[in-house]
Amino acid sequence: MPRVPGDRSEVFRAPVGMHDVLPPESRAWRDLVAAFADRAERYGYELVVTPIVEHREVFERVGEATDVVRKEMYDFTDKGDRALSLRPEGTAPVVRAFVQHRPTVPWKVWYVAPNFRYERPQKGRYRQHWQVGVEVLGPADPDLDVEVISLAHGFVRDLGITKVRVLLNSMGDAGSRAPYAAALRDYFLGHAEALGDEFRERVETNPIRVLDAKREDWQDVIERAPQLTEHLSATEQEHFEVVQRGLDALGIAHELAPRLVRGLDYYTSTTFELAGDALDAAQNALGGGGRYDGLAEEMGGPPTAGIGFGLGIERLLIAAAAEPGGTAAPSRRVGLDAFVVDHLGGLEAAIVLHELRESGLRADRAYGGRSLKAQMKAANRSGAPYAIVLGPEEVARGEVSVRDLETAKQVPVPREQLVGWLQLRLAPPGAAE
């Protein structure tokens, strides 16, 4: 068991590549998810929750030749001798749920979930990392592609991330990819002798997947490879042009990225990625997605078009904090609204606390019979703007004392008016207009 440096006793630590999220950082996580839920629901999406564990075959549909399936999945056999995997990505479980439950289409859902990949940890990308995302199953309408990209782009901008680029490509349909894969295989095999056995093996397995390779010594050959957009069918070319015109109409700048194939084999037609330029180029991917029009059928469902995306929570927060003037903190005030300081030792503090919380205010108190001085120190540390002081003289007059913890000014407030008094002062500017 790992030890803490300098400590002879054994202390449990989180596994390599996994991390704890503690307050106050967890506030930013909570508010990011709330902001994403708000935007997704404005677009007509509802929450879906799927298991962390799925049958391994669910994820084999993302591509046997991908690194996700070949190297990165956490696999195990359970006590019933079933081959299971921890979720490595968000789309396949949602499509499995669609095939199993057959909801009415269009089925528009959003999710927040942890993913698990056994890979080298990076900045903002852990072996357990979290994503927010959406999936839509049903229509193959290119206008829906525009909606999905707009949702992702708008949310990133909501977080104050202005240095973001939308990278766009088309993976075509099966009819487009077959001749392209053949041309790509011929091109790559012409360089295989110089680049070695691993390169040749990957080309033979799936030449399109080589475009996503990160090997530095392969990049020159990859950069000069034929482009898939040169092999699109007329239908796919029209679909891709409609998507581009739609983004232009919404004022969403985008760059064509012909090498963008993403890391999974189920993608068809539109693919996209959001890059945060405030981060190092090697680790600037905030997330991305695209169409996967054959995946539902692969899982035993009816032919159903689909499109979606996933955005990494950890990477989004880092990108927001890295921008000049940007912040990973939420726009509204966080923390407590009030801290109750009890100088009575009876039930009154519990009653006041209950009333504050039931009215929608965030309130807390000290416990354990601490002294008045210790309770005031706790109030100052709590981050609350106000302390509610319950003393015998105030209670006898039907009042409480409210102390402004920033100015130290203290005023009496009638007991029955306390909730309204606090709500009025804590309301955001303009709320009463």
# chains A, B, ... in the order shown; residues from 1 in each chain; ligands from 1
$ residues_around --residues "Val146 in chain A" --least-positions-apart "2" --cutoff "10 Å" --atoms "only C-alpha atoms" --output "mmCIF file with C-alpha atoms, in the first residue's frame"
data_model
loop_
_atom_site.group_PDB
_atom_site.id
_atom_site.type_symbol
_atom_site.label_atom_id
_atom_site.label_comp_id
_atom_site.auth_asym_id
_atom_site.auth_seq_id
_atom_site.Cartn_x
_atom_site.Cartn_y
_atom_site.Cartn_z
ATOM 1 C CA ASP A 141 -30.861 16.074 -40.471
ATOM 2 C CA PRO A 142 -27.696 18.185 -40.896
ATOM 3 C CA ASP A 143 -29.478 21.013 -39.079
ATOM 4 C CA LEU A 144 -29.324 18.788 -36.001
ATOM 5 C CA VAL A 148 -25.365 19.967 -31.357
ATOM 6 C CA ILE A 149 -22.217 21.907 -32.260
ATOM 7 C CA SER A 150 -23.938 25.162 -31.284
ATOM 8 C CA LEU A 151 -24.868 23.702 -27.886
ATOM 9 C CA VAL A 242 -25.304 22.311 -45.097
ATOM 10 C CA VAL A 243 -23.571 21.941 -41.729
ATOM 11 C CA GLN A 244 -20.965 24.541 -42.672
ATOM 12 C CA ARG A 245 -23.602 26.987 -43.941
ATOM 13 C CA GLY A 246 -25.595 26.510 -40.742
ATOM 14 C CA LEU A 247 -22.602 27.295 -38.545
ATOM 15 C CA ASP A 248 -21.835 30.350 -40.669
ATOM 16 C CA ALA A 249 -25.420 31.572 -40.239
ATOM 17 C CA LEU A 250 -25.083 31.291 -36.438
ATOM 18 C CA ILE A 252 -19.847 30.077 -35.204
ATOM 19 C CA THR A 270 -19.854 15.102 -39.364
#
$ closest_residue --among "A:Gln417, A:Asn115, A:Ser85, A:Asn206" --to "Asp265 in chain A" --atoms "only C-alpha atoms"
A:Asn206
$ select_by_dssp --residues "range 246-427 of chain A" --states "strand (DSSP E or B)" --output "VMD selection string"
chain A and resid 255 to 256 268 to 276 285 to 291 305 to 312 338 to 342 363 to 365 386 to 390 399 to 404 410 to 414
$ write_last_selection --atoms "N, CA and C atoms" --output "short mmCIF file (atom, residue, chain, number, x, y, z; two decimals), in the first residue's frame"
data_model
loop_
_atom_site.label_atom_id
_atom_site.label_comp_id
_atom_site.auth_asym_id
_atom_site.auth_seq_id
_atom_site.Cartn_x
_atom_site.Cartn_y
_atom_site.Cartn_z
N GLU A 255 -13.00 25.63 -38.48
CA GLU A 255 -11.88 25.34 -39.35
C GLU A 255 -12.02 23.91 -39.88
N LEU A 256 -11.79 23.72 -41.16
CA LEU A 256 -11.79 22.36 -41.70
C LEU A 256 -10.51 21.66 -41.26
N THR A 268 -19.44 8.60 -38.26
CA THR A 268 -19.79 8.73 -39.67
C THR A 268 -20.09 10.21 -39.92
N SER A 269 -19.96 10.63 -41.16
CA SER A 269 -20.36 11.98 -41.54
C SER A 269 -19.67 13.03 -40.65
N THR A 270 -20.43 13.96 -40.10
CA THR A 270 -19.85 15.10 -39.36
C THR A 270 -19.08 14.65 -38.13
N THR A 271 -17.85 15.12 -38.00
CA THR A 271 -17.09 14.99 -36.76
C THR A 271 -16.55 16.36 -36.40
N PHE A 272 -16.39 16.61 -35.10
CA PHE A 272 -15.89 17.93 -34.68
C PHE A 272 -15.17 17.82 -33.36
N GLU A 273 -14.36 18.82 -33.10
CA GLU A 273 -13.60 18.90 -31.85
C GLU A 273 -13.52 20.37 -31.44
N LEU A 274 -13.53 20.62 -30.13
CA LEU A 274 -13.35 21.97 -29.60
C LEU A 274 -11.97 22.05 -28.97
N ALA A 275 -11.15 22.98 -29.44
CA ALA A 275 -9.79 23.16 -28.94
C ALA A 275 -9.69 24.46 -28.17
N GLY A 276 -9.14 24.39 -26.96
CA GLY A 276 -8.95 25.57 -26.12
C GLY A 276 -7.54 26.11 -26.28
N ALA A 285 -7.49 19.75 -26.24
CA ALA A 285 -8.80 19.25 -26.64
C ALA A 285 -9.76 19.32 -25.45
N LEU A 286 -10.81 20.13 -25.58
CA LEU A 286 -11.83 20.24 -24.53
C LEU A 286 -12.87 19.14 -24.66
N GLY A 287 -13.00 18.60 -25.86
CA GLY A 287 -13.97 17.54 -26.11
C GLY A 287 -14.37 17.57 -27.57
N GLY A 288 -15.32 16.75 -27.92
CA GLY A 288 -15.78 16.72 -29.30
C GLY A 288 -16.76 15.59 -29.51
N GLY A 289 -17.11 15.38 -30.77
CA GLY A 289 -18.08 14.32 -31.06
C GLY A 289 -18.36 14.23 -32.54
N GLY A 290 -19.57 13.79 -32.86
CA GLY A 290 -19.94 13.65 -34.26
C GLY A 290 -21.08 12.66 -34.44
N ARG A 291 -21.32 12.35 -35.71
CA ARG A 291 -22.39 11.40 -36.06
C ARG A 291 -21.91 9.96 -35.92
N ALA A 305 -30.17 7.04 -36.99
CA ALA A 305 -29.09 8.02 -37.01
C ALA A 305 -28.84 8.53 -35.60
N GLY A 306 -27.61 8.98 -35.34
CA GLY A 306 -27.29 9.53 -34.03
C GLY A 306 -26.15 10.54 -34.12
N ILE A 307 -26.13 11.47 -33.19
CA ILE A 307 -25.05 12.44 -33.09
C ILE A 307 -24.94 12.90 -31.64
N GLY A 308 -23.72 13.23 -31.22
CA GLY A 308 -23.54 13.71 -29.85
C GLY A 308 -22.13 14.20 -29.64
N PHE A 309 -21.85 14.56 -28.39
CA PHE A 309 -20.50 15.00 -28.03
C PHE A 309 -20.27 14.77 -26.54
N GLY A 310 -19.00 14.79 -26.14
CA GLY A 310 -18.62 14.76 -24.73
C GLY A 310 -17.56 15.82 -24.49
N LEU A 311 -17.65 16.52 -23.35
CA LEU A 311 -16.70 17.55 -22.96
C LEU A 311 -16.12 17.19 -21.60
N GLY A 312 -14.80 17.26 -21.46
CA GLY A 312 -14.15 16.88 -20.22
C GLY A 312 -14.25 17.97 -19.16
N ALA A 338 -25.79 32.41 5.60
CA ALA A 338 -25.81 32.85 7.00
C ALA A 338 -25.23 31.76 7.89
N PHE A 339 -24.67 32.20 9.04
CA PHE A 339 -24.12 31.28 10.03
C PHE A 339 -24.75 31.63 11.37
N VAL A 340 -25.39 30.64 11.99
CA VAL A 340 -26.09 30.86 13.26
C VAL A 340 -25.13 30.68 14.43
N VAL A 341 -25.05 31.69 15.27
CA VAL A 341 -24.20 31.67 16.46
C VAL A 341 -25.11 31.58 17.69
N ASP A 342 -25.01 30.49 18.41
CA ASP A 342 -25.94 30.17 19.50
C ASP A 342 -25.33 30.49 20.85
N ALA A 363 -27.51 27.80 5.13
CA ALA A 363 -27.15 28.19 6.50
C ALA A 363 -26.52 27.02 7.24
N ASP A 364 -25.68 27.37 8.23
CA ASP A 364 -25.03 26.35 9.04
C ASP A 364 -24.78 26.93 10.42
N ARG A 365 -24.21 26.11 11.31
CA ARG A 365 -23.90 26.53 12.67
C ARG A 365 -22.73 25.70 13.17
N TYR A 386 -23.32 36.91 6.63
CA TYR A 386 -24.01 37.32 7.86
C TYR A 386 -23.92 36.23 8.93
N ALA A 387 -23.79 36.68 10.18
CA ALA A 387 -23.93 35.81 11.34
C ALA A 387 -25.22 36.17 12.06
N ILE A 388 -26.01 35.17 12.40
CA ILE A 388 -27.24 35.36 13.16
C ILE A 388 -26.94 35.03 14.61
N VAL A 389 -26.88 36.02 15.48
CA VAL A 389 -26.48 35.82 16.88
C VAL A 389 -27.73 35.69 17.74
N LEU A 390 -27.84 34.55 18.42
CA LEU A 390 -28.98 34.29 19.30
C LEU A 390 -28.51 34.41 20.74
N GLU A 399 -36.17 39.36 19.09
CA GLU A 399 -35.26 39.78 18.03
C GLU A 399 -34.10 38.79 17.90
N VAL A 400 -33.33 38.98 16.86
CA VAL A 400 -32.01 38.37 16.73
C VAL A 400 -31.05 39.49 16.33
N SER A 401 -29.76 39.29 16.56
CA SER A 401 -28.75 40.24 16.09
C SER A 401 -28.13 39.68 14.82
N VAL A 402 -28.09 40.50 13.79
CA VAL A 402 -27.47 40.09 12.52
C VAL A 402 -26.18 40.88 12.35
N ARG A 403 -25.08 40.16 12.24
CA ARG A 403 -23.76 40.80 12.13
C ARG A 403 -23.24 40.66 10.71
N ASP A 404 -22.92 41.79 10.10
CA ASP A 404 -22.27 41.78 8.78
C ASP A 404 -20.81 41.37 9.00
N GLN A 410 -23.39 45.38 13.40
CA GLN A 410 -24.41 44.47 13.92
C GLN A 410 -25.71 45.23 14.15
N VAL A 411 -26.84 44.66 13.67
CA VAL A 411 -28.13 45.34 13.82
C VAL A 411 -29.15 44.35 14.37
N PRO A 412 -30.13 44.86 15.12
CA PRO A 412 -31.22 43.99 15.57
C PRO A 412 -32.26 43.83 14.47
N VAL A 413 -32.81 42.62 14.36
CA VAL A 413 -33.85 42.33 13.37
C VAL A 413 -34.96 41.57 14.09
N PRO A 414 -36.23 42.00 13.92
CA PRO A 414 -37.33 41.24 14.54
C PRO A 414 -37.28 39.78 14.11
#
$ residues_around --residues "Val33 in chain A" --least-positions-apart "4" --cutoff "8 Å" --atoms "only C-alpha atoms" --output "list in words"
Trp29, Ala37, Val112 and Val132 of chain A
$ write_last_selection --atoms "C-alpha atoms" --output "PDB file, in the first residue's frame"
ATOM      1  CA  TRP A  29     -17.787  21.286 -10.627  1.00  0.00           C
ATOM      2  CA  ALA A  37     -28.026  21.119 -17.520  1.00  0.00           C
ATOM      3  CA  VAL A 112     -22.777  13.720 -16.659  1.00  0.00           C
ATOM      4  CA  VAL A 132     -20.810  16.221 -19.688  1.00  0.00           C
TER       5      VAL A 132
END
$ atom_distance --atom1 "CA of Leu317 in chain A" --atom2 "CA of Asp31 in chain A"
10.9 Å
$ atom_distance --atom1 "CA of Met73 in chain A" --atom2 "CA of Arg185 in chain A"
27.2 Å
$ atom_distance --atom1 "CA of Leu353 in chain A" --atom2 "CA of Leu426 in chain A"
16.6 Å
$ select_by_dssp --residues "range 204-427 of chain A" --states "alpha helix (DSSP H)" --output "JSON, numbers by chain"
{"A": [204, 205, 207, 208, 209, 210, 219, 220, 221, 222, 223, 234, 235, 236, 237, 238, 239, 240, 241, 242, 243, 244, 245, 246, 247, 248, 249, 295, 296, 297, 298, 313, 314, 315, 316, 317, 318, 319, 320, 321, 322, 348, 349, 350, 351, 352, 353, 354, 355, 356, 357, 358, 372, 373, 374, 375, 376, 377, 378, 379, 380, 381, 382, 392, 393, 394, 395, 396, 418, 419, 420, 421, 422, 423, 424, 425, 426]}
$ closest_residue --among "A:Leu228, A:Val164, A:Leu84, A:Ala253" --to "Leu279 in chain A" --atoms "only C-alpha atoms"
A:Val164
$ closest_residue --among "A:His129, A:Arg224, A:Arg202, A:His343" --to "Pro392 in chain A" --atoms "only C-alpha atoms"
A:His343
$ residues_around --residues "His231 in chain A" --least-positions-apart "4" --cutoff "8 Å" --atoms "only C-alpha atoms" --output "ChimeraX atom specification"
/A:176-177,179-180,227
$ write_last_selection --atoms "C-alpha atoms" --output "compact mmCIF listing (two decimals), in the first residue's frame"
# COMPACT_ATOMS: atom_id res chain seq x y z
CA SER A 176 -17.38 6.97 -49.20
CA ARG A 177 -15.00 5.35 -46.74
CA PRO A 179 -12.61 3.59 -51.61
CA TYR A 180 -10.89 6.11 -49.35
CA GLN A 227 -7.99 13.45 -47.53
$ closest_residue --among "A:Gly124, A:Gly368, A:Pro103, A:Gly251" --to "His19 in chain A" --atoms "only C-alpha atoms"
A:Gly124
$ closest_residue --among "A:Pro207, A:Arg125, A:Arg315, A:Gly391" --to "Leu372 in chain A" --atoms "only C-alpha atoms"
A:Gly391
$ residues_around --residues "Val203 in chain A" --least-positions-apart "4" --cutoff "8 Å" --atoms "only C-alpha atoms" --output "PyMOL selection string"
chain A and resi 185+188-189+199+207-210
$ closest_residue --among "A:Gly80, A:Pro51, A:Gly138, A:Gly44" --to "Leu295 in chain A" --atoms "only C-alpha atoms"
A:Gly138
$ closest_atom_pairs --of "range 240-356 of chain A" --to "range 119-122 of chain A" --cutoff "12 Å" --atoms "only C-alpha atoms" --output "JSON lines"
{"residue": "A:Asp280", "atom": "CA", "partner": "A:Gln122", "partner_atom": "CA", "distance": 11.4}
{"residue": "A:Ala282", "atom": "CA", "partner": "A:Gln122", "partner_atom": "CA", "distance": 9.9}
{"residue": "A:Gln283", "atom": "CA", "partner": "A:Gln122", "partner_atom": "CA", "distance": 7.7}
{"residue": "A:Asn284", "atom": "CA", "partner": "A:Gln122", "partner_atom": "CA", "distance": 10.9}
{"residue": "A:Ala285", "atom": "CA", "partner": "A:Gln122", "partner_atom": "CA", "distance": 11.6}
{"residue": "A:Glu314", "atom": "CA", "partner": "A:Gln122", "partner_atom": "CA", "distance": 10.7}
{"residue": "A:Arg315", "atom": "CA", "partner": "A:Gln122", "partner_atom": "CA", "distance": 9.9}
